[in-house]
Each structure stands twice: as C-alpha cells, then as structure tokens.
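The data block below is entry-v7.txt; it holds compact mmCIF, C-alpha atoms and all ligand atoms.
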# COMPACT_ATOMS: atom_id res chain seq x y z
CA MET A 20 172.49 -28.43 169.83
CA ILE A 21 169.49 -30.43 171.01
CA LYS A 22 169.43 -30.78 174.80
CA LEU A 23 167.71 -33.80 176.31
CA TYR A 24 166.83 -33.49 179.99
CA TRP A 25 166.81 -36.90 181.56
CA CYS A 26 167.22 -38.86 184.74
CA PRO A 27 168.10 -42.54 185.13
CA GLN A 28 165.39 -45.09 185.98
CA THR A 29 162.57 -42.93 184.66
CA ARG A 30 160.46 -42.63 181.54
CA ALA A 31 163.33 -40.58 180.12
CA ILE A 32 164.75 -43.89 178.83
CA ARG A 33 162.24 -43.53 175.99
CA ALA A 34 163.66 -40.23 174.82
CA LEU A 35 167.23 -41.48 175.23
CA TRP A 36 166.41 -44.54 173.12
CA LEU A 37 164.70 -42.34 170.54
CA MET A 38 167.63 -39.95 170.29
CA GLU A 39 170.04 -42.86 169.92
CA GLU A 40 167.88 -44.20 167.07
CA THR A 41 168.09 -40.86 165.26
CA GLY A 42 171.86 -40.60 165.02
CA LEU A 43 171.45 -36.84 165.64
CA ALA A 44 173.95 -34.99 167.80
CA TYR A 45 172.47 -34.10 171.18
CA GLU A 46 173.55 -33.26 174.69
CA ARG A 47 172.27 -35.20 177.68
CA VAL A 48 171.48 -32.93 180.63
CA LEU A 49 171.01 -34.78 183.89
CA ILE A 50 168.07 -33.59 186.01
CA ASP A 51 167.96 -35.24 189.39
CA ILE A 52 164.20 -35.43 189.91
CA ARG A 53 164.83 -37.09 193.26
CA ASP A 54 166.58 -33.96 194.56
CA PRO A 55 164.35 -30.93 193.90
CA ASP A 56 166.93 -28.60 195.47
CA LYS A 57 169.70 -29.39 192.98
CA PRO A 58 170.32 -26.46 190.57
CA ARG A 59 168.78 -27.12 187.17
CA ASP A 60 169.51 -25.95 183.66
CA PRO A 61 167.34 -22.80 183.18
CA ASP A 62 165.92 -24.12 179.91
CA PHE A 63 164.53 -27.15 181.73
CA ALA A 64 161.78 -25.07 183.35
CA LYS A 65 160.79 -23.71 179.92
CA ALA A 66 160.65 -27.23 178.51
CA SER A 67 158.87 -28.95 181.35
CA PRO A 68 156.16 -26.96 183.14
CA MET A 69 155.58 -29.87 185.54
CA GLY A 70 159.29 -30.39 186.18
CA LYS A 71 159.09 -33.88 184.69
CA VAL A 72 161.57 -35.76 182.54
CA PRO A 73 162.05 -36.37 179.73
CA ALA A 74 162.07 -32.88 178.26
CA LEU A 75 163.90 -31.37 175.33
CA SER A 76 165.17 -28.05 174.03
CA ASP A 77 166.02 -27.56 170.37
CA GLY A 78 166.89 -23.91 169.75
CA ALA A 79 163.70 -21.95 170.39
CA VAL A 80 161.61 -25.09 170.79
CA HIS A 81 161.07 -26.45 174.29
CA LEU A 82 158.83 -29.38 175.14
CA ALA A 83 158.23 -32.22 177.54
CA ASP A 84 156.58 -35.64 177.45
CA SER A 85 158.07 -38.66 175.74
CA ALA A 86 155.28 -38.96 173.14
CA ALA A 87 155.43 -35.25 172.29
CA ILE A 88 159.22 -35.46 172.01
CA GLY A 89 158.95 -38.47 169.70
CA LEU A 90 156.40 -36.75 167.50
CA TYR A 91 158.47 -33.57 167.36
CA ILE A 92 161.84 -35.18 166.60
CA ALA A 93 160.50 -37.58 163.96
CA ASP A 94 158.69 -34.79 162.09
CA ARG A 95 161.32 -32.09 162.53
CA TYR A 96 164.10 -34.42 161.36
CA PRO A 97 162.43 -36.61 158.69
CA GLN A 98 165.83 -37.87 157.57
CA THR A 99 165.80 -40.04 160.69
CA GLY A 100 163.08 -42.18 159.05
CA LEU A 101 161.23 -42.57 162.35
CA ALA A 102 157.78 -41.51 161.12
CA PRO A 103 155.73 -42.10 157.97
CA ALA A 104 155.22 -38.92 155.92
CA VAL A 105 152.01 -36.95 156.53
CA ASP A 106 150.50 -38.27 153.27
CA ASP A 107 151.49 -41.89 153.91
CA PRO A 108 148.43 -44.09 154.68
CA LYS A 109 150.42 -45.61 157.56
CA ARG A 110 150.38 -42.23 159.27
CA GLY A 111 147.03 -43.01 160.93
CA ASP A 112 148.32 -46.13 162.66
CA TYR A 113 151.52 -44.31 163.56
CA LEU A 114 149.68 -41.46 165.30
CA TYR A 115 147.37 -43.89 167.08
CA TRP A 116 150.31 -45.81 168.55
CA MET A 117 152.26 -42.64 169.39
CA VAL A 118 149.55 -41.54 171.81
CA TYR A 119 148.57 -45.01 173.02
CA THR A 120 151.11 -44.91 175.86
CA PRO A 121 150.03 -41.67 177.57
CA GLY A 122 146.37 -42.00 176.54
CA VAL A 123 145.70 -45.68 177.21
CA ILE A 124 148.58 -47.72 178.65
CA GLU A 125 149.58 -45.46 181.51
CA PRO A 126 146.07 -44.69 182.80
CA ALA A 127 145.14 -48.40 182.57
CA MET A 128 148.37 -49.31 184.38
CA GLY A 129 147.66 -46.73 187.08
CA GLU A 130 144.17 -48.14 187.54
CA LYS A 131 145.54 -51.66 187.81
CA ILE A 132 148.24 -50.70 190.33
CA SER A 133 145.89 -48.70 192.53
CA GLY A 134 143.12 -51.31 192.32
CA THR A 135 140.63 -48.71 191.10
CA ALA A 136 137.57 -50.16 189.39
CA ALA A 137 137.66 -49.97 185.61
CA ASN A 138 134.87 -48.35 183.64
CA LYS A 139 135.58 -49.65 180.17
CA VAL A 140 133.03 -47.55 178.32
CA SER A 141 133.37 -44.21 180.07
CA HIS A 142 137.11 -44.16 180.64
CA GLY A 143 139.05 -43.23 177.53
CA TRP A 144 141.61 -45.95 178.23
CA GLY A 145 139.06 -48.78 178.34
CA ASP A 146 140.43 -51.31 180.79
CA PHE A 147 143.71 -53.10 181.42
CA ASP A 148 142.89 -56.36 179.59
CA THR A 149 141.58 -54.58 176.52
CA MET A 150 144.67 -52.36 176.52
CA ILE A 151 146.89 -55.48 176.46
CA ASN A 152 144.81 -57.25 173.78
CA VAL A 153 144.84 -54.25 171.47
CA MET A 154 148.60 -53.92 171.87
CA GLU A 155 149.10 -57.63 171.12
CA ASN A 156 147.04 -57.27 167.94
CA GLY A 157 149.11 -54.25 167.00
CA VAL A 158 152.44 -56.05 167.12
CA LYS A 159 151.42 -59.60 166.17
CA ASN A 160 152.24 -59.33 162.46
CA GLY A 161 155.50 -57.51 163.14
CA PRO A 162 158.27 -57.26 163.23
CA TRP A 163 157.25 -53.69 164.10
CA LEU A 164 153.95 -51.89 164.60
CA LEU A 165 153.91 -50.60 161.04
CA GLY A 166 155.40 -53.74 159.52
CA ASP A 167 159.01 -53.86 158.38
CA THR A 168 159.83 -50.29 159.34
CA PHE A 169 160.79 -49.38 162.89
CA THR A 170 159.30 -46.01 163.94
CA ALA A 171 159.11 -43.74 166.96
CA ALA A 172 155.86 -45.56 167.81
CA ASP A 173 157.92 -48.68 168.54
CA VAL A 174 159.99 -46.67 171.01
CA MET A 175 156.78 -45.70 172.82
CA ILE A 176 155.12 -49.11 172.76
CA GLY A 177 158.33 -51.12 173.16
CA SER A 178 159.37 -49.11 176.23
CA SER A 179 155.87 -49.48 177.69
CA VAL A 180 155.96 -53.27 177.25
CA LEU A 181 159.33 -53.28 179.02
CA PHE A 182 157.95 -51.11 181.85
CA LEU A 183 154.93 -53.46 182.20
CA LYS A 184 157.34 -56.38 182.47
CA ARG A 185 159.50 -54.59 185.02
CA PHE A 186 156.45 -53.89 187.21
CA GLY A 187 155.34 -57.53 186.91
CA LEU A 188 152.15 -56.45 185.16
CA LEU A 189 152.62 -58.05 181.75
CA PRO A 190 150.35 -61.09 181.42
CA GLU A 191 151.76 -64.18 179.70
CA SER A 192 152.08 -63.23 176.05
CA ASP A 193 154.47 -64.80 173.57
CA ILE A 194 153.67 -62.02 171.13
CA LEU A 195 154.60 -59.21 173.52
CA ASP A 196 157.59 -61.11 174.92
CA THR A 197 159.01 -61.62 171.42
CA TYR A 198 158.39 -57.98 170.57
CA ALA A 199 160.19 -56.93 173.78
CA GLU A 200 163.16 -59.13 172.81
CA ARG A 201 163.29 -57.49 169.38
CA CYS A 202 163.34 -54.07 171.05
CA LEU A 203 166.08 -55.11 173.48
CA ALA A 204 168.21 -56.26 170.54
CA ARG A 205 168.29 -52.73 169.10
CA PRO A 206 171.73 -51.14 169.58
CA ALA A 207 170.10 -47.77 170.28
CA LEU A 208 168.18 -49.14 173.27
CA GLN A 209 171.29 -50.94 174.49
CA LYS A 210 173.19 -47.65 174.32
CA ALA A 211 170.45 -45.85 176.26
CA MET A 212 170.58 -48.56 178.92
CA GLU A 213 174.35 -48.17 179.13
CA PHE A 214 173.89 -44.43 179.80
CA GLU A 215 171.47 -45.30 182.60
CA ALA A 216 173.87 -47.82 184.08
CA GLY A 217 176.83 -45.44 183.89
CA SER A 218 175.17 -42.32 185.24
N1 LIG A 301 153.81 -38.43 180.34
C1 LIG A 301 155.16 -38.13 180.72
C2 LIG A 301 155.42 -38.57 182.14
C3 LIG A 301 156.77 -38.10 182.64
C4 LIG A 301 156.95 -38.41 184.12
O1 LIG A 301 155.98 -38.60 184.86
N2 LIG A 301 158.21 -38.43 184.54
C5 LIG A 301 158.52 -38.69 185.95
C6 LIG A 301 159.64 -39.72 186.03
S1 LIG A 301 159.18 -41.27 185.34
C7 LIG A 301 159.04 -37.41 186.60
O2 LIG A 301 159.76 -36.66 185.98
N3 LIG A 301 158.71 -37.18 187.87
C8 LIG A 301 159.27 -36.10 188.63
C9 LIG A 301 158.24 -35.14 189.15
O3 LIG A 301 157.05 -35.27 188.82
O4 LIG A 301 158.64 -34.24 189.87
C10 LIG A 301 156.13 -38.79 179.73
O5 LIG A 301 155.83 -39.87 179.22
O6 LIG A 301 157.17 -38.21 179.45
Rewrite the structure of this file - the entire thing - as structure tokens.
Amino acid sequence: MIKLYWCPQTRAIRALWLMEETGLAYERVLIDIRDPDKPRDPDFAKASPMGKVPALSDGAVHLADSAAIGLYIADRYPQTGLAPAVDDPKRGDYLYWMVYTPGVIEPAMGEKISGTAANKVSHGWGDFDTMINVMENGVKNGPWLLGDTFTAADVMIGSSVLFLKRFGLLPESDILDTYAERCLARPALQKAMEFEAGS
C-alpha cells in the first residue's frame, strides 16, 4: 500500500489533498518533524534524503517533495485523471504549473519574507510581483488552470495561494481569492484539513 509521510501544519497538506483527490487507498504515516528524536518509519529515510515531509513510498518507489509526488502519482495512476496524457497539448501547461511552486513561488516568497533584493532577470523565479501576476493570468479563465478539468497542478498552485494568504502575503486579488474559494470547496481538501485538525 502507498505510504504517505506527513506532519500537520506543513507542506504535507498538499500531498494529503492530492491523495484524497485520487481515491486511491493509502496509509498516512505521521512524522513529527518538530521532534527529530522520535523513532521514524525506516522507509521515510529512503524516501526523503533531507528528512522533509511530504514523502511517499509506493512499493519499491520512494520519493519526496510535493511536486515530485504529484507528478509521480498522477502519471503512475492515470485512472485518477489528475494529469493530461503525455501526448495531450495541455501537458505543457500542466508541467509548467507543476513546477511553478518549488521553482518560482517558494523562492520568490522566501525573498519577500527575508527582504532580500530581487534580481528579476538573473534569478530563475523573477520577482514576487511577477510571480503573482503570472499566477493570476494562469487561473483567470478558470475554473481551473487547464480549464474545466481539475489536475494535480491545481493542488500545487491552490495550496500555494492558500499558504500565501495564511502568511499575509497575498496582495488584493479577486481572481486568486475566488480560485482559493473554489479549492476550499473541494471535498478532498476539506478531508485533508480534517486530518490535520484531528491529528
Ligand atoms: N519542496 C518541498 C519542501 C518540503 C519542506 O520543506 N517541508 C518542511 C515542512 S513544511 C519540513 O519537512 N521540514 C523539516 C526539516 O527540514 O527537517 C515540498 O514542497 O515538499
């Protein structure tokens, strides 16, 4: 059975949400990242070289990082309908948005929080305002990034918009607010939030 290593109030919410969207059977394995001395499932170290959550084991496959987990699950289990097929023209947009969170949003957020000067041309993540504008353009036609079909990319971008809101970093944006509301209305995200609340 798929094992999802997670911890409440972390980026692991993305992988929990994703797994709830799939309808696949999986086991949640709690890793208390705030207590490094707590014994951990031995497969966790194989899955997460940095000891970070989320991470996942699926038989002989072990991997970490929410984007990597999303890409893996959606391709490995195409019946979940969470990714366009490799020959679908929408695949390009899908891949772009799947890596937008680790490649652009999080570095731009880190820069903003730490007050480090942006270098829009040299830094691969551009700058914070451009990151927000590009994301707004991505979701403005909606309801989802790829149109009518919800994909794993919406888990990545939707959770990032919610994190930006939680940190008070989301500028006024009806487009992103409405998108966040649509994400919050998904039963799978509600279920993931219930797991967090009950853990
Ligand atoms: N790029 C990773 C980041 C994962 C990450 O940084 N997780 C944090 C919690 S939000 C963590 O596990 N920190 C514990 C540690 O580094 O020891 C992802 O999106 O999954």
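Take atom CA of Ala79 of chain A and atom CA of Pro58 of chain A: the distance between them is 21.7 Å.
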Contacts with ligand LIG 301 (chain A) at most 7 Å, all atoms listed in the file counted, listed as a PyMOL selection string: chain A and resi 29-31+52+69-73+83-86+121
Who sits within 9 Å of segment 142-153 of chain A, all atoms listed in the file, same chain under 5 positions skipped, as a PyMOL selection string: chain A and resi 119+122-128+130-131+137+158+189-190
Distance of atom CA of Met38 of chain A from atom CA of Ala104 of chain A, expressed in Å to one decimal place: 19.0 Å
Around all of segment 140-151 of chain A's listed atoms, make the axis-aligned box with 8 Å on each side and tell me centre and edge lengths in Å to one decimal, as JSON.
{"center_x": 140.0, "center_y": -49.8, "center_z": 178.9, "size_x": 29.9, "size_y": 29.1, "size_z": 21.0}
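Here atom CA of Ala102 of chain A and atom CA of Ala172 of chain A stand 8.1 Å from one another.
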Closest of A:Thr120, A:Ile32, A:Gly100, A:Leu49 to Ser218 of chain A - atom-to-atom distances counting only C-alpha atoms: A:Leu49
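Proximity ranking of A:Ala64, A:Arg53, A:Pro206, A:Glu155 relative to Glu191 of chain A places A:Glu155 first, based on all atoms listed in the file.
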With a distance cut-off of 9 Å and all atoms listed in the file, select the neighbouring residues of Ile88 of chain A, excluding the residue or stretch itself and same-chain residues fewer than 5 positions from it, and output the selection as an mmCIF file with C-alpha atoms, in the coordinates of the input.
data_model
loop_
_atom_site.group_PDB
_atom_site.id
_atom_site.type_symbol
_atom_site.label_atom_id
_atom_site.label_comp_id
_atom_site.auth_asym_id
_atom_site.auth_seq_id
_atom_site.Cartn_x
_atom_site.Cartn_y
_atom_site.Cartn_z
ATOM 1 C CA ALA A 34 163.660 -40.230 174.820
ATOM 2 C CA LEU A 37 164.700 -42.340 170.540
ATOM 3 C CA PRO A 73 162.050 -36.370 179.730
ATOM 4 C CA ALA A 74 162.070 -32.880 178.260
ATOM 5 C CA LEU A 75 163.900 -31.370 175.330
ATOM 6 C CA LEU A 82 158.830 -29.380 175.140
ATOM 7 C CA ALA A 83 158.230 -32.220 177.540
ATOM 8 C CA ALA A 93 160.500 -37.580 163.960
#
Distance query 10 Å from (166.6, -49.7, 172.6) using all atoms listed in the file, result as a PyMOL selection string: chain A and resi 32-33+35-37+39-40+173-174+177-178+199+201-212
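Shortest separation to Thr168 of chain A among A:Val48, A:Leu101, A:Ile92, A:Leu23 occurs at residue A:Leu101, atoms counted being all atoms listed in the file.
Nearest to Phe169 of chain A of all the residues A:Tyr113, A:Arg95, A:Glu200, A:Ser76 is A:Tyr113, counting all atoms listed in the file.
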